[in-house]
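Structure data follow from run_30.txt (compact mmCIF, C-alpha atoms and all ligand atoms):
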# COMPACT_ATOMS: atom_id res chain seq x y z
CA MET A 382 -20.95 -1.46 140.75
CA LEU A 383 -24.68 -0.96 140.46
CA ARG A 384 -27.07 -3.65 141.63
CA ALA A 385 -30.10 -1.64 142.70
CA GLY A 386 -31.68 -1.41 139.26
CA PRO A 387 -31.93 1.02 136.38
CA GLU A 388 -32.07 4.80 136.53
CA ARG A 389 -34.48 6.85 134.42
CA SER A 390 -32.98 9.39 132.07
CA ALA A 391 -34.12 12.99 132.50
CA VAL A 392 -33.67 13.67 128.77
CA HIS A 393 -36.79 13.30 126.63
CA SER A 394 -37.37 13.35 122.89
CA ARG A 395 -37.55 16.82 121.39
CA ALA A 396 -39.18 15.57 118.20
CA GLY A 397 -42.51 15.71 120.00
CA LEU A 398 -44.16 13.13 117.74
CA PRO A 399 -47.69 12.48 118.99
CA PRO A 400 -48.33 8.74 119.52
CA ALA A 401 -50.72 8.59 116.52
CA GLU A 402 -47.89 9.53 114.15
CA ALA A 403 -45.31 7.19 115.64
CA PRO A 404 -44.44 4.24 113.35
CA GLY A 405 -46.05 0.92 114.29
CA ALA A 406 -44.26 -2.21 115.46
CA ALA A 407 -44.50 -3.97 112.07
CA ALA A 408 -42.91 -1.05 110.20
CA TYR A 409 -40.27 -0.69 112.91
CA LYS A 410 -39.29 -4.37 112.66
CA GLU A 411 -39.39 -4.40 108.86
CA VAL A 412 -37.04 -1.43 108.58
CA LEU A 413 -34.76 -1.98 111.60
CA GLY A 414 -34.44 -5.65 110.64
CA ARG A 415 -32.54 -4.54 107.55
CA PHE A 416 -29.69 -3.47 109.81
CA CYS A 417 -27.61 -6.65 109.77
CA THR A 418 -25.78 -7.47 113.00
CA GLY A 419 -23.69 -10.15 114.60
CA LEU A 420 -25.11 -12.09 117.54
CA THR A 421 -23.95 -12.65 121.09
CA VAL A 422 -24.89 -14.76 124.09
CA VAL A 423 -24.73 -13.04 127.47
CA THR A 424 -24.03 -15.49 130.29
CA SER A 425 -23.56 -15.47 134.04
CA SER A 426 -24.14 -17.63 137.14
CA HIS A 427 -27.09 -17.62 139.49
CA ALA A 428 -27.42 -19.92 142.51
CA GLY A 429 -24.59 -22.00 141.07
CA GLU A 430 -26.36 -22.54 137.75
CA PRO A 431 -25.53 -21.05 134.33
CA VAL A 432 -27.93 -18.38 133.07
CA GLY A 433 -27.94 -16.41 129.85
CA PHE A 434 -29.77 -14.98 126.87
CA THR A 435 -29.14 -14.34 123.19
CA CYS A 436 -28.48 -10.67 122.46
CA GLN A 437 -28.41 -8.90 119.12
CA ALA A 438 -28.36 -5.39 120.59
CA PHE A 439 -24.74 -5.45 121.75
CA SER A 440 -22.26 -2.73 120.91
CA ALA A 441 -18.82 -1.39 121.60
CA LEU A 442 -19.25 1.83 123.60
CA SER A 443 -16.01 3.31 124.94
CA LEU A 444 -12.34 2.52 124.39
CA ASP A 445 -11.00 4.51 127.36
CA PRO A 446 -12.26 3.27 129.75
CA PRO A 447 -13.23 0.06 127.91
CA GLU A 448 -17.01 -0.29 128.09
CA VAL A 449 -19.72 -2.09 126.14
CA LEU A 450 -23.47 -1.57 125.82
CA LEU A 451 -26.38 -4.03 125.82
CA SER A 452 -30.04 -3.30 125.21
CA VAL A 453 -32.14 -5.68 127.32
CA GLN A 454 -35.91 -6.29 127.17
CA GLN A 455 -37.53 -5.13 130.40
CA THR A 456 -39.49 -8.41 130.39
CA SER A 457 -36.34 -10.54 130.51
CA THR A 458 -36.47 -13.06 133.36
CA THR A 459 -32.75 -13.79 133.01
CA TRP A 460 -31.43 -10.22 133.26
CA PRO A 461 -32.35 -9.68 136.96
CA ARG A 462 -30.28 -12.78 137.80
CA ILE A 463 -27.33 -11.46 135.79
CA ARG A 464 -27.71 -8.07 137.50
CA GLU A 465 -27.59 -9.78 140.90
CA HIS A 466 -24.30 -11.48 140.03
CA GLY A 467 -22.91 -8.22 138.63
CA ARG A 468 -20.42 -9.93 136.29
CA PHE A 469 -21.21 -11.54 132.97
CA GLY A 470 -19.59 -12.78 129.80
CA VAL A 471 -20.48 -11.81 126.24
CA GLY A 472 -19.79 -14.56 123.71
CA VAL A 473 -19.63 -13.54 120.04
CA LEU A 474 -21.28 -16.29 117.97
CA ALA A 475 -19.52 -17.96 115.05
CA ALA A 476 -21.17 -19.09 111.80
CA GLY A 477 -23.07 -22.32 112.49
CA GLN A 478 -24.03 -21.47 116.08
CA GLU A 479 -27.71 -20.78 115.38
CA GLU A 480 -28.77 -23.67 117.67
CA LEU A 481 -26.96 -22.00 120.56
CA ALA A 482 -28.65 -18.68 119.68
CA GLN A 483 -32.05 -20.39 119.73
CA ALA A 484 -31.37 -22.34 122.94
CA LEU A 485 -30.46 -19.22 124.94
CA ALA A 486 -33.50 -17.34 123.60
CA ARG A 487 -36.09 -19.83 125.00
CA SER A 488 -37.49 -18.17 128.10
CA GLY A 489 -38.57 -20.42 130.97
CA THR A 490 -36.63 -23.49 129.87
CA ASP A 491 -33.40 -25.13 131.03
CA LYS A 492 -31.49 -23.15 128.42
CA PHE A 493 -28.11 -24.85 129.05
CA ARG A 494 -29.42 -28.43 128.93
CA ASP A 495 -28.03 -29.16 125.47
CA VAL A 496 -25.32 -26.48 125.46
CA ASP A 497 -21.68 -27.55 125.45
CA TRP A 498 -19.98 -25.12 127.87
CA ARG A 499 -17.09 -24.84 130.30
CA PRO A 500 -16.26 -22.32 133.02
CA SER A 501 -14.16 -19.39 131.79
CA PRO A 502 -10.90 -18.64 133.67
CA THR A 503 -12.96 -16.55 136.14
CA GLY A 504 -15.76 -19.11 136.46
CA LEU A 505 -18.41 -17.70 134.10
CA PRO A 506 -20.22 -20.25 131.88
CA ARG A 507 -18.62 -20.08 128.43
CA PRO A 508 -20.20 -21.98 125.52
CA GLU A 509 -17.80 -23.84 123.23
CA GLY A 510 -17.13 -22.71 119.65
CA LEU A 511 -17.36 -18.93 120.17
CA LEU A 512 -15.58 -16.38 118.00
CA ALA A 513 -14.65 -14.13 120.94
CA TRP A 514 -15.26 -13.68 124.67
CA ILE A 515 -15.64 -10.46 126.64
CA GLU A 516 -15.91 -10.48 130.46
CA CYS A 517 -17.81 -7.54 131.89
CA GLU A 518 -18.87 -5.90 135.13
CA LEU A 519 -22.20 -4.08 135.15
CA VAL A 520 -21.71 -0.40 136.01
CA ARG A 521 -24.93 1.37 135.01
CA GLU A 522 -28.45 0.78 133.71
CA VAL A 523 -30.80 3.30 132.12
CA VAL A 524 -34.48 2.74 131.28
CA ALA A 525 -35.08 3.33 127.57
CA GLY A 526 -38.64 2.66 126.40
CA ASP A 527 -39.42 -1.04 126.80
CA HIS A 528 -35.71 -1.87 127.16
CA LEU A 529 -32.87 -1.23 129.59
CA LEU A 530 -29.52 0.06 128.41
CA ALA A 531 -26.87 -1.79 130.39
CA ILE A 532 -23.40 -0.27 130.41
CA ALA A 533 -20.61 -2.58 131.48
CA SER A 534 -16.92 -2.24 132.13
CA VAL A 535 -14.75 -4.70 130.19
CA ARG A 536 -12.55 -6.74 132.57
CA ALA A 537 -11.04 -9.27 130.15
CA LEU A 538 -11.06 -9.98 126.43
CA GLU A 539 -10.14 -13.02 124.37
CA PRO A 540 -10.26 -13.77 120.64
CA LEU A 541 -11.13 -17.47 120.37
CA ALA A 542 -11.37 -18.34 116.67
CA GLU A 543 -10.69 -16.90 113.24
CA THR A 544 -13.83 -18.28 111.58
CA ALA A 545 -16.79 -16.34 110.09
CA PRO A 546 -19.45 -14.78 112.33
CA LEU A 547 -23.11 -15.72 112.70
CA LEU A 548 -25.22 -12.84 111.36
CA TYR A 549 -28.84 -11.81 111.90
CA PHE A 550 -30.77 -10.07 109.14
CA ARG A 551 -34.51 -9.54 108.65
CA GLY A 552 -35.36 -12.08 111.35
CA ARG A 553 -33.12 -14.82 109.94
CA PHE A 554 -29.71 -16.27 110.68
CA LEU A 555 -27.15 -15.77 107.93
CA SER A 556 -23.64 -16.94 107.31
CA ALA A 557 -21.22 -14.94 105.19
CA GLY A 558 -22.08 -17.03 102.12
CA GLY A 559 -25.90 -16.64 102.38
CA ALA A 560 -28.77 -18.03 104.46
CA ALA A 561 -27.53 -20.41 107.20
C1 LIG A 601 -31.80 -13.56 117.31
C2 LIG A 601 -32.22 -13.05 118.67
C3 LIG A 601 -31.77 -11.83 119.14
C4 LIG A 601 -32.16 -11.34 120.40
N1 LIG A 601 -31.68 -10.14 120.83
C5 LIG A 601 -32.06 -9.67 122.05
C6 LIG A 601 -31.57 -8.43 122.53
O1 LIG A 601 -30.82 -7.73 121.86
N2 LIG A 601 -31.96 -8.02 123.76
C7 LIG A 601 -32.81 -8.77 124.54
O2 LIG A 601 -33.13 -8.36 125.66
N3 LIG A 601 -33.29 -9.95 124.11
C8 LIG A 601 -32.94 -10.41 122.89
N4 LIG A 601 -33.42 -11.61 122.44
C9 LIG A 601 -34.35 -12.34 123.31
C10 LIG A 601 -33.61 -13.09 124.43
O3 LIG A 601 -32.62 -13.94 123.91
C11 LIG A 601 -34.56 -13.92 125.29
O4 LIG A 601 -35.47 -14.59 124.46
C12 LIG A 601 -35.31 -13.06 126.26
O5 LIG A 601 -34.36 -12.47 127.11
C13 LIG A 601 -36.30 -13.88 127.09
O6 LIG A 601 -35.62 -14.86 127.82
P1 LIG A 601 -35.44 -14.71 129.40
O7 LIG A 601 -36.81 -14.63 129.98
O8 LIG A 601 -34.66 -15.93 129.80
O9 LIG A 601 -34.67 -13.45 129.64
C14 LIG A 601 -33.03 -12.11 121.19
C15 LIG A 601 -33.49 -13.36 120.72
C16 LIG A 601 -33.08 -13.83 119.49
C17 LIG A 601 -33.57 -15.17 119.01
Using the file provided, produce a representation of the structure as structure tokens.
Amino acid sequence: MLRAGPERSAVHSRAGLPPAEAPGAAAYKEVLGRFCTGLTVVTSSHAGEPVGFTCQAFSALSLDPPEVLLSVQQTSTTWPRIREHGRFGVGVLAAGQEELAQALARSGTDKFRDVDWRPSPTGLPRPEGLLAWIECELVREVVAGDHLLAIASVRALEPLAETAPLLYFRGRFLSAGGAA
């Protein structure tokens, strides 16, 4: 288990784009925002309190061994607390859970104040109403631009509901039938 912090990759871009030709943030968001994703909340415990953040950049990574990948903003104030604990849960959001997504995205607030949650079987804070739950152990972090790639080993998995997912597209929440 790694707790010391992220490593820096020795591999660099071979495209060699000078900074002046790199696309700007607005173009990046406009185009990458067209890649529709589901949404997750990543939760853990710190000093006996629930901590967590909303995460769009979550992905399956490896089946054998089972691993998942998160991309985390280097400015996150919650991630260092999750790193310290070493174990965290990933909750896949169901359609209608946009309030939960917004609550866990508000930095510097008591994010869990209005969140309905219970401890998971291993004691991690698990919001109610999720589509699925994945319990993870952090194994590796790599610095990638202004983010960290966090690789985690999957320790337990549970499907929780058969309902539709909450989606995120072009900066907006969507349900399967249209805008949420
Ligand atoms: C829809 C949505 C998706 C987000 N996806 C990510 C993400 O993939 N990675 C990330 O680090 N933060 C993501 N965030 C931001 C975090 O939820 C959170 O705002 C950020 O970590 C700052 O809070 P903190 O200081 O408590 O960490 C997302 C926020 C929203 C609203």
I'd like the neighbourhood of A:Ala542 as a list in words, where a residue qualifies if any of its atoms comes within 7 Å (using all atoms listed in the file), though same-chain residues fewer than 3 positions away should be ignored.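 Non-adjacent residues within range: Leu511, Leu512 and Ala513 of chain A.
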Return as a list of chain:residue names every polymer residue, whether protein, DNA or RNA, with at least one atom no more than 6 Å from an atom of ligand LIG 601 (chain A); count all atoms listed in the file.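 Every residue with an atom at most 6 Å from ligand LIG 601 (chain A) is listed here: A:Phe434, A:Thr435, A:Cys436, A:Gln437, A:Ala438, A:Ser452, A:Val453, A:Gln454, A:Ser457, A:Thr458, A:Thr459, A:Trp460, A:Gln483, A:Leu485, A:Ala486, A:Arg487, A:Ser488.
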Between atom CA of A:Glu480 and atom CA of A:Asp497, distance in Å (one decimal):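 It comes out at 11.2 Å.
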Between A:Asp527, A:Glu516, A:Glu388, A:Glu522, single out the one closest to A:Gly470, counting all atoms listed in the file.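 With all atoms listed in the file as the atom set, the closest residue is A:Glu516.
Across the structure, atom CA of A:Glu479 and atom CA of A:Ala406 are spaced 24.9 Å apart.
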Leaving out stretch 443-450 of chain A and any residue of its chain fewer than 2 positions from it, which residues lie within 12 Å of it when counting all atoms listed in the file, given as an NGL selection string? :A and (423 or 436-441 or 452-453 or 469-471 or 515-523 or 529-538)
So which residues touch A:Pro508 within 8 Å, counting only C-alpha atoms, skipping near sequence neighbours fewer than 2 positions away, as a PyMOL selection string? chain A and resi 472+496-499+506+510-511
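Closest approach to A:Ser556 from the set A:Thr490, A:Ala428, A:Pro500, A:Cys417 is made by A:Cys417, with distances taken over only C-alpha atoms.
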What does the distance between atom CA of A:Lys492 and atom CA of A:Tyr549 come to in Å, to one decimal place?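 Separating atom CA of A:Lys492 from atom CA of A:Tyr549 is a distance of 20.2 Å.
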Please identify all polymer residues lying at most 8 Å from the point (-22.0, -14.1, 114.5) (file coordinates), using only C-alpha atoms, and present the result as a VMD selection string. chain A and resid 418 to 421 473 to 476 478 512 545 to 549 556
Since we have the selection now, will you write its residues out, keeping C-alpha atoms, as a PDB file, in the frame of the given file?
ATOM      1  CA  THR A 418     -25.780  -7.470 113.000  1.00  0.00           C
ATOM      2  CA  GLY A 419     -23.690 -10.150 114.600  1.00  0.00           C
ATOM      3  CA  LEU A 420     -25.110 -12.090 117.540  1.00  0.00           C
ATOM      4  CA  THR A 421     -23.950 -12.650 121.090  1.00  0.00           C
ATOM      5  CA  VAL A 473     -19.630 -13.540 120.040  1.00  0.00           C
ATOM      6  CA  LEU A 474     -21.280 -16.290 117.970  1.00  0.00           C
ATOM      7  CA  ALA A 475     -19.520 -17.960 115.050  1.00  0.00           C
ATOM      8  CA  ALA A 476     -21.170 -19.090 111.800  1.00  0.00           C
ATOM      9  CA  GLN A 478     -24.030 -21.470 116.080  1.00  0.00           C
ATOM     10  CA  LEU A 512     -15.580 -16.380 118.000  1.00  0.00           C
ATOM     11  CA  ALA A 545     -16.790 -16.340 110.090  1.00  0.00           C
ATOM     12  CA  PRO A 546     -19.450 -14.780 112.330  1.00  0.00           C
ATOM     13  CA  LEU A 547     -23.110 -15.720 112.700  1.00  0.00           C
ATOM     14  CA  LEU A 548     -25.220 -12.840 111.360  1.00  0.00           C
ATOM     15  CA  TYR A 549     -28.840 -11.810 111.900  1.00  0.00           C
ATOM     16  CA  SER A 556     -23.640 -16.940 107.310  1.00  0.00           C
TER      17      SER A 556
END
Box dimensions and centre (Å, one decimal) enclosing stretch 511-517 of chain A, axis-aligned, 3 Å extra per side, as AutoDock Vina command-line options:
--center_x -16.2 --center_y -13.2 --center_z 124.9 --size_x 9.2 --size_y 17.4 --size_z 19.9
Pick the closest to A:His466 from A:Arg507, A:His427, A:Arg494, A:Lys410: which is it, counting all atoms listed in the file? A:His427
Taking (-32.9, -8.0, 109.6) in the file's coordinates, which residues come within 7 Å, counting only C-alpha atoms, written as JSON, numbers by chain? {"A": [413, 414, 415, 416, 417, 549, 550, 551, 552, 553]}
With C-alpha atoms kept, could you save the residues just selected as a PDB file, keeping the file's coordinate frame?
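Saved result, result36.pdb, follows:
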ATOM      1  CA  LEU A 413     -34.760  -1.980 111.600  1.00  0.00           C
ATOM      2  CA  GLY A 414     -34.440  -5.650 110.640  1.00  0.00           C
ATOM      3  CA  ARG A 415     -32.540  -4.540 107.550  1.00  0.00           C
ATOM      4  CA  PHE A 416     -29.690  -3.470 109.810  1.00  0.00           C
ATOM      5  CA  CYS A 417     -27.610  -6.650 109.770  1.00  0.00           C
ATOM      6  CA  TYR A 549     -28.840 -11.810 111.900  1.00  0.00           C
ATOM      7  CA  PHE A 550     -30.770 -10.070 109.140  1.00  0.00           C
ATOM      8  CA  ARG A 551     -34.510  -9.540 108.650  1.00  0.00           C
ATOM      9  CA  GLY A 552     -35.360 -12.080 111.350  1.00  0.00           C
ATOM     10  CA  ARG A 553     -33.120 -14.820 109.940  1.00  0.00           C
TER      11      ARG A 553
END
